[in-house]
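Asker: Structure file model.txt (compact mmCIF, N, CA and C atoms) right here:
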# COMPACT_ATOMS: atom_id res chain seq x y z
N MET A 258 107.32 75.94 83.03
CA MET A 258 108.06 74.68 83.07
C MET A 258 108.10 74.07 81.68
N ALA A 259 109.02 73.17 81.51
CA ALA A 259 109.21 72.53 80.21
C ALA A 259 108.07 71.57 79.90
N GLU A 260 107.94 71.22 78.64
CA GLU A 260 106.95 70.24 78.22
C GLU A 260 107.33 68.85 78.74
N TYR A 261 106.36 67.94 78.78
CA TYR A 261 106.67 66.57 79.17
C TYR A 261 107.64 65.99 78.16
N GLN A 262 108.62 65.27 78.66
CA GLN A 262 109.68 64.78 77.79
C GLN A 262 109.49 63.31 77.48
N ASP A 263 109.56 62.98 76.20
CA ASP A 263 109.58 61.59 75.77
C ASP A 263 111.02 61.11 75.83
N ASN A 264 111.20 59.81 75.71
CA ASN A 264 112.56 59.30 75.63
C ASN A 264 113.24 59.86 74.40
N GLU A 265 114.51 60.08 74.51
CA GLU A 265 115.26 60.61 73.38
C GLU A 265 115.55 59.53 72.35
N VAL A 266 115.50 58.27 72.76
CA VAL A 266 115.76 57.15 71.86
C VAL A 266 114.43 56.45 71.60
N GLU A 267 114.11 56.22 70.35
CA GLU A 267 112.86 55.54 70.00
C GLU A 267 112.92 54.10 70.51
N GLN A 268 111.84 53.64 71.10
CA GLN A 268 111.81 52.31 71.68
C GLN A 268 110.93 51.39 70.86
N GLU A 269 111.42 50.17 70.69
CA GLU A 269 110.62 49.17 70.00
C GLU A 269 110.12 48.10 70.95
N GLU A 270 110.82 47.92 72.08
CA GLU A 270 110.39 46.92 73.04
C GLU A 270 109.46 47.56 74.06
N PRO A 271 108.52 46.77 74.62
CA PRO A 271 107.58 47.33 75.58
C PRO A 271 108.31 47.82 76.83
N VAL A 272 107.80 48.89 77.40
CA VAL A 272 108.37 49.44 78.62
C VAL A 272 107.58 48.90 79.80
N GLU A 273 108.28 48.43 80.83
CA GLU A 273 107.61 47.91 82.02
C GLU A 273 106.89 49.06 82.73
N GLN A 274 105.61 48.87 82.99
CA GLN A 274 104.83 49.89 83.67
C GLN A 274 105.05 49.79 85.18
N ILE A 275 105.35 50.91 85.81
CA ILE A 275 105.50 50.93 87.26
C ILE A 275 104.50 51.93 87.82
N GLU A 276 104.13 51.72 89.06
CA GLU A 276 103.27 52.66 89.76
C GLU A 276 104.16 53.45 90.72
N VAL A 277 104.15 54.75 90.59
CA VAL A 277 104.93 55.59 91.48
C VAL A 277 104.01 56.54 92.21
N GLU A 278 104.43 56.97 93.37
CA GLU A 278 103.68 57.91 94.20
C GLU A 278 104.60 59.05 94.59
N VAL A 279 104.01 60.15 94.99
CA VAL A 279 104.78 61.29 95.46
C VAL A 279 105.68 60.83 96.60
N GLY A 280 106.94 61.21 96.53
CA GLY A 280 107.91 60.83 97.56
C GLY A 280 108.77 59.64 97.17
N ASP A 281 108.33 58.85 96.19
CA ASP A 281 109.13 57.69 95.74
C ASP A 281 110.42 58.15 95.11
N GLN A 282 111.46 57.36 95.30
CA GLN A 282 112.71 57.59 94.58
C GLN A 282 112.72 56.67 93.37
N VAL A 283 113.11 57.24 92.24
CA VAL A 283 113.14 56.49 90.98
C VAL A 283 114.48 56.71 90.29
N ARG A 284 114.84 55.76 89.43
CA ARG A 284 116.08 55.87 88.66
C ARG A 284 115.72 56.02 87.19
N HIS A 285 116.29 57.05 86.55
CA HIS A 285 116.14 57.28 85.12
C HIS A 285 117.45 56.91 84.45
N PRO A 286 117.41 56.28 83.27
CA PRO A 286 118.65 55.81 82.64
C PRO A 286 119.65 56.93 82.31
N LYS A 287 119.19 58.13 82.11
CA LYS A 287 120.10 59.23 81.75
C LYS A 287 120.42 60.15 82.94
N TRP A 288 119.39 60.45 83.76
CA TRP A 288 119.55 61.46 84.80
C TRP A 288 119.78 60.88 86.19
N GLY A 289 119.78 59.57 86.34
CA GLY A 289 120.07 58.96 87.64
C GLY A 289 118.87 58.93 88.57
N VAL A 290 119.15 59.01 89.87
CA VAL A 290 118.12 58.87 90.89
C VAL A 290 117.50 60.24 91.19
N GLY A 291 116.19 60.23 91.28
CA GLY A 291 115.46 61.45 91.61
C GLY A 291 114.26 61.12 92.47
N THR A 292 113.58 62.15 92.94
CA THR A 292 112.43 62.00 93.82
C THR A 292 111.18 62.55 93.13
N VAL A 293 110.09 61.78 93.19
CA VAL A 293 108.83 62.19 92.60
C VAL A 293 108.21 63.29 93.46
N LEU A 294 107.99 64.48 92.86
CA LEU A 294 107.40 65.61 93.57
C LEU A 294 105.91 65.74 93.34
N PHE A 295 105.44 65.30 92.16
CA PHE A 295 104.05 65.48 91.78
C PHE A 295 103.65 64.38 90.82
N LYS A 296 102.41 63.95 90.91
CA LYS A 296 101.89 62.92 90.00
C LYS A 296 100.49 63.31 89.58
N SER A 297 100.19 63.12 88.30
CA SER A 297 98.82 63.31 87.83
C SER A 297 98.45 62.16 86.92
N GLY A 298 97.18 61.82 86.91
CA GLY A 298 96.71 60.71 86.10
C GLY A 298 96.98 59.36 86.76
N THR A 299 96.49 58.32 86.08
CA THR A 299 96.69 56.97 86.59
C THR A 299 97.07 56.04 85.46
N GLY A 300 97.69 54.92 85.83
CA GLY A 300 98.02 53.89 84.85
C GLY A 300 98.88 54.40 83.72
N GLU A 301 98.50 54.04 82.51
CA GLU A 301 99.26 54.34 81.31
C GLU A 301 99.40 55.84 81.05
N ASN A 302 98.46 56.63 81.54
CA ASN A 302 98.46 58.06 81.27
C ASN A 302 99.08 58.90 82.37
N SER A 303 99.71 58.28 83.36
CA SER A 303 100.24 59.07 84.47
C SER A 303 101.48 59.86 84.06
N LYS A 304 101.56 61.05 84.64
CA LYS A 304 102.68 61.96 84.41
C LYS A 304 103.25 62.31 85.77
N VAL A 305 104.55 62.52 85.82
CA VAL A 305 105.20 62.86 87.09
C VAL A 305 106.17 64.02 86.88
N VAL A 306 106.40 64.73 87.97
CA VAL A 306 107.49 65.69 88.03
C VAL A 306 108.50 65.07 88.99
N VAL A 307 109.73 64.89 88.48
CA VAL A 307 110.80 64.29 89.28
C VAL A 307 111.93 65.31 89.39
N VAL A 308 112.49 65.46 90.60
CA VAL A 308 113.63 66.34 90.77
C VAL A 308 114.89 65.47 90.86
N PHE A 309 115.85 65.78 90.00
CA PHE A 309 117.13 65.09 89.95
C PHE A 309 118.21 66.04 90.47
N PRO A 310 119.16 65.55 91.28
CA PRO A 310 120.18 66.43 91.86
C PRO A 310 120.96 67.26 90.84
N GLU A 311 121.33 66.68 89.72
CA GLU A 311 122.14 67.38 88.73
C GLU A 311 121.32 68.05 87.63
N GLU A 312 120.10 67.57 87.40
CA GLU A 312 119.29 68.03 86.27
C GLU A 312 118.13 68.94 86.67
N GLY A 313 117.80 68.97 87.93
CA GLY A 313 116.65 69.76 88.37
C GLY A 313 115.35 69.02 88.11
N GLN A 314 114.25 69.77 88.00
CA GLN A 314 112.94 69.16 87.81
C GLN A 314 112.71 68.79 86.35
N ARG A 315 112.13 67.61 86.15
CA ARG A 315 111.77 67.13 84.82
C ARG A 315 110.34 66.60 84.86
N LYS A 316 109.55 66.96 83.86
CA LYS A 316 108.21 66.40 83.70
C LYS A 316 108.33 65.20 82.78
N LEU A 317 107.77 64.07 83.20
CA LEU A 317 107.92 62.83 82.45
C LEU A 317 106.60 62.09 82.32
N LEU A 318 106.41 61.45 81.19
CA LEU A 318 105.32 60.49 81.01
C LEU A 318 105.83 59.16 81.53
N VAL A 319 105.16 58.60 82.51
CA VAL A 319 105.64 57.38 83.14
C VAL A 319 105.80 56.25 82.12
N LYS A 320 104.85 56.15 81.16
CA LYS A 320 104.90 55.03 80.21
C LYS A 320 106.09 55.13 79.26
N LYS A 321 106.70 56.30 79.11
CA LYS A 321 107.83 56.48 78.19
C LYS A 321 109.17 56.65 78.88
N ALA A 322 109.17 56.94 80.15
CA ALA A 322 110.38 57.42 80.82
C ALA A 322 111.37 56.33 81.24
N ARG A 323 110.99 55.08 81.18
CA ARG A 323 111.88 53.99 81.59
C ARG A 323 112.37 54.16 83.03
N LEU A 324 111.46 54.58 83.92
CA LEU A 324 111.81 54.73 85.32
C LEU A 324 111.77 53.40 86.03
N LYS A 325 112.62 53.27 87.03
CA LYS A 325 112.61 52.11 87.92
C LYS A 325 112.60 52.64 89.35
N LYS A 326 111.80 52.00 90.20
CA LYS A 326 111.76 52.39 91.60
C LYS A 326 113.07 52.01 92.28
N VAL A 327 113.55 52.89 93.16
CA VAL A 327 114.72 52.62 93.98
C VAL A 327 114.23 52.07 95.30
N GLN A 328 114.76 50.95 95.73
CA GLN A 328 114.31 50.32 96.98
C GLN A 328 114.84 51.03 98.19
Write the structure described by the file as structure tokens, please.
Answerer:
Amino acid sequence: MAEYQDNEVEQEEPVEQIEVEVGDQVRHPKWGVGTVLFKSGTGENSKVVVVFPEEGQRKLLVKKARLKKVQ
């Protein structure tokens, strides 16, 4: 699998930290809505694998990914 991906655009403003769990739907600014398949770590160091319909599986660092939970 691919390496964990940082945001492609350097960020200067703080990113809102969210807590996600396996099964949650999240929205990524580039890849749209996806479902969390796997999570490791907690808090600032958590990493997730999210499957997006058009992009497939992506490994993301939660603190960098700019994810938002879908209600």
Asker: Which residue, A:Val306, A:Thr299, A:Trp288, A:Ile275, has the smallest gap to A:Lys325 when you use only N, CA and C atoms?
Answerer: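 Nearest to A:Lys325: A:Ile275.
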Asker: With all atoms listed in the file as the counted atoms, please give the residues lying no more than 6 Å from A:Val283, apart from itself and same-chain residues fewer than 6 positions off, as a ChimeraX atom specification.
Answerer: /A:289-293,324-327
Asker: Which polymer residues have any atom within 7 Å of an atom of A:Glu278, counting all atoms listed in the file, with same-chain residues fewer than 5 positions away left out, as a PyMOL selection string?
Answerer: chain A and resi 293-296
Asker: Since we have the selection now, will you write its residues out, keeping N, CA and C atoms, as a PDB file, in the frame of the given file?
Answerer:
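To be explicit, this is the file written out as result.pdb:
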ATOM      1  N   VAL A 293     110.090  61.780  93.190  1.00  0.00           N
ATOM      2  CA  VAL A 293     108.830  62.190  92.600  1.00  0.00           C
ATOM      3  C   VAL A 293     108.210  63.290  93.460  1.00  0.00           C
ATOM      4  N   LEU A 294     107.990  64.480  92.860  1.00  0.00           N
ATOM      5  CA  LEU A 294     107.400  65.610  93.570  1.00  0.00           C
ATOM      6  C   LEU A 294     105.910  65.740  93.340  1.00  0.00           C
ATOM      7  N   PHE A 295     105.440  65.300  92.160  1.00  0.00           N
ATOM      8  CA  PHE A 295     104.050  65.480  91.780  1.00  0.00           C
ATOM      9  C   PHE A 295     103.650  64.380  90.820  1.00  0.00           C
ATOM     10  N   LYS A 296     102.410  63.950  90.910  1.00  0.00           N
ATOM     11  CA  LYS A 296     101.890  62.920  90.000  1.00  0.00           C
ATOM     12  C   LYS A 296     100.490  63.310  89.580  1.00  0.00           C
TER      13      LYS A 296
END
Asker: List as an mmCIF file with N, CA and C atoms, keeping the file's coordinate frame the protein and nucleic acid residues near A:Lys320, meaning an atom at most 7 Å away when only N, CA and C atoms are counted, but skip any in the same chain fewer than 6 places from it.
Answerer:
data_model
loop_
_atom_site.group_PDB
_atom_site.id
_atom_site.type_symbol
_atom_site.label_atom_id
_atom_site.label_comp_id
_atom_site.auth_asym_id
_atom_site.auth_seq_id
_atom_site.Cartn_x
_atom_site.Cartn_y
_atom_site.Cartn_z
ATOM 1 N N VAL A 272 107.800 48.890 77.400
ATOM 2 C CA VAL A 272 108.370 49.440 78.620
ATOM 3 C C VAL A 272 107.580 48.900 79.800
ATOM 4 N N GLU A 273 108.280 48.430 80.830
ATOM 5 C CA GLU A 273 107.610 47.910 82.020
ATOM 6 C C GLU A 273 106.890 49.060 82.730
ATOM 7 N N GLN A 274 105.610 48.870 82.990
ATOM 8 C CA GLN A 274 104.830 49.890 83.670
ATOM 9 C C GLN A 274 105.050 49.790 85.180
ATOM 10 N N ILE A 275 105.350 50.910 85.810
ATOM 11 C CA ILE A 275 105.500 50.930 87.260
ATOM 12 C C ILE A 275 104.500 51.930 87.820
ATOM 13 N N GLY A 300 97.690 54.920 85.830
ATOM 14 C CA GLY A 300 98.020 53.890 84.850
ATOM 15 C C GLY A 300 98.880 54.400 83.720
ATOM 16 N N GLU A 301 98.500 54.040 82.510
ATOM 17 C CA GLU A 301 99.260 54.340 81.310
ATOM 18 C C GLU A 301 99.400 55.840 81.050
ATOM 19 N N ASN A 302 98.460 56.630 81.540
ATOM 20 C CA ASN A 302 98.460 58.060 81.270
ATOM 21 C C ASN A 302 99.080 58.900 82.370
ATOM 22 N N SER A 303 99.710 58.280 83.360
ATOM 23 C CA SER A 303 100.240 59.070 84.470
ATOM 24 C C SER A 303 101.480 59.860 84.060
ATOM 25 N N LYS A 304 101.560 61.050 84.640
ATOM 26 C CA LYS A 304 102.680 61.960 84.410
ATOM 27 C C LYS A 304 103.250 62.310 85.770
#
Asker: Atom N of A:Pro286 to atom C of A:Lys321: how many Å, to one decimal?
Answerer: 9.3 Å
Asker: Give as a list in words the set of residues within 6.5 Å of the point (111.1, 65.7, 84.1), where distances use the file's coordinates and all atoms listed in the file.
Answerer: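 Collected hits near the coordinates: Gln262, Val305, Val306, Val307, Gln314, Arg315, Lys316 and Leu317 of chain A.
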Asker: With N, CA and C atoms retained, could you export that selection as a PDB file, in the frame of the given file?
Answerer:
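Written output follows (out_3.pdb):
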ATOM      1  N   GLN A 262     108.620  65.270  78.660  1.00  0.00           N
ATOM      2  CA  GLN A 262     109.680  64.780  77.790  1.00  0.00           C
ATOM      3  C   GLN A 262     109.490  63.310  77.480  1.00  0.00           C
ATOM      4  N   VAL A 305     104.550  62.520  85.820  1.00  0.00           N
ATOM      5  CA  VAL A 305     105.200  62.860  87.090  1.00  0.00           C
ATOM      6  C   VAL A 305     106.170  64.020  86.880  1.00  0.00           C
ATOM      7  N   VAL A 306     106.400  64.730  87.970  1.00  0.00           N
ATOM      8  CA  VAL A 306     107.490  65.690  88.030  1.00  0.00           C
ATOM      9  C   VAL A 306     108.500  65.070  88.990  1.00  0.00           C
ATOM     10  N   VAL A 307     109.730  64.890  88.480  1.00  0.00           N
ATOM     11  CA  VAL A 307     110.800  64.290  89.280  1.00  0.00           C
ATOM     12  C   VAL A 307     111.930  65.310  89.390  1.00  0.00           C
ATOM     13  N   GLN A 314     114.250  69.770  88.000  1.00  0.00           N
ATOM     14  CA  GLN A 314     112.940  69.160  87.810  1.00  0.00           C
ATOM     15  C   GLN A 314     112.710  68.790  86.350  1.00  0.00           C
ATOM     16  N   ARG A 315     112.130  67.610  86.150  1.00  0.00           N
ATOM     17  CA  ARG A 315     111.770  67.130  84.820  1.00  0.00           C
ATOM     18  C   ARG A 315     110.340  66.600  84.860  1.00  0.00           C
ATOM     19  N   LYS A 316     109.550  66.960  83.860  1.00  0.00           N
ATOM     20  CA  LYS A 316     108.210  66.400  83.700  1.00  0.00           C
ATOM     21  C   LYS A 316     108.330  65.200  82.780  1.00  0.00           C
ATOM     22  N   LEU A 317     107.770  64.070  83.200  1.00  0.00           N
ATOM     23  CA  LEU A 317     107.920  62.830  82.450  1.00  0.00           C
ATOM     24  C   LEU A 317     106.600  62.090  82.320  1.00  0.00           C
TER      25      LEU A 317
END
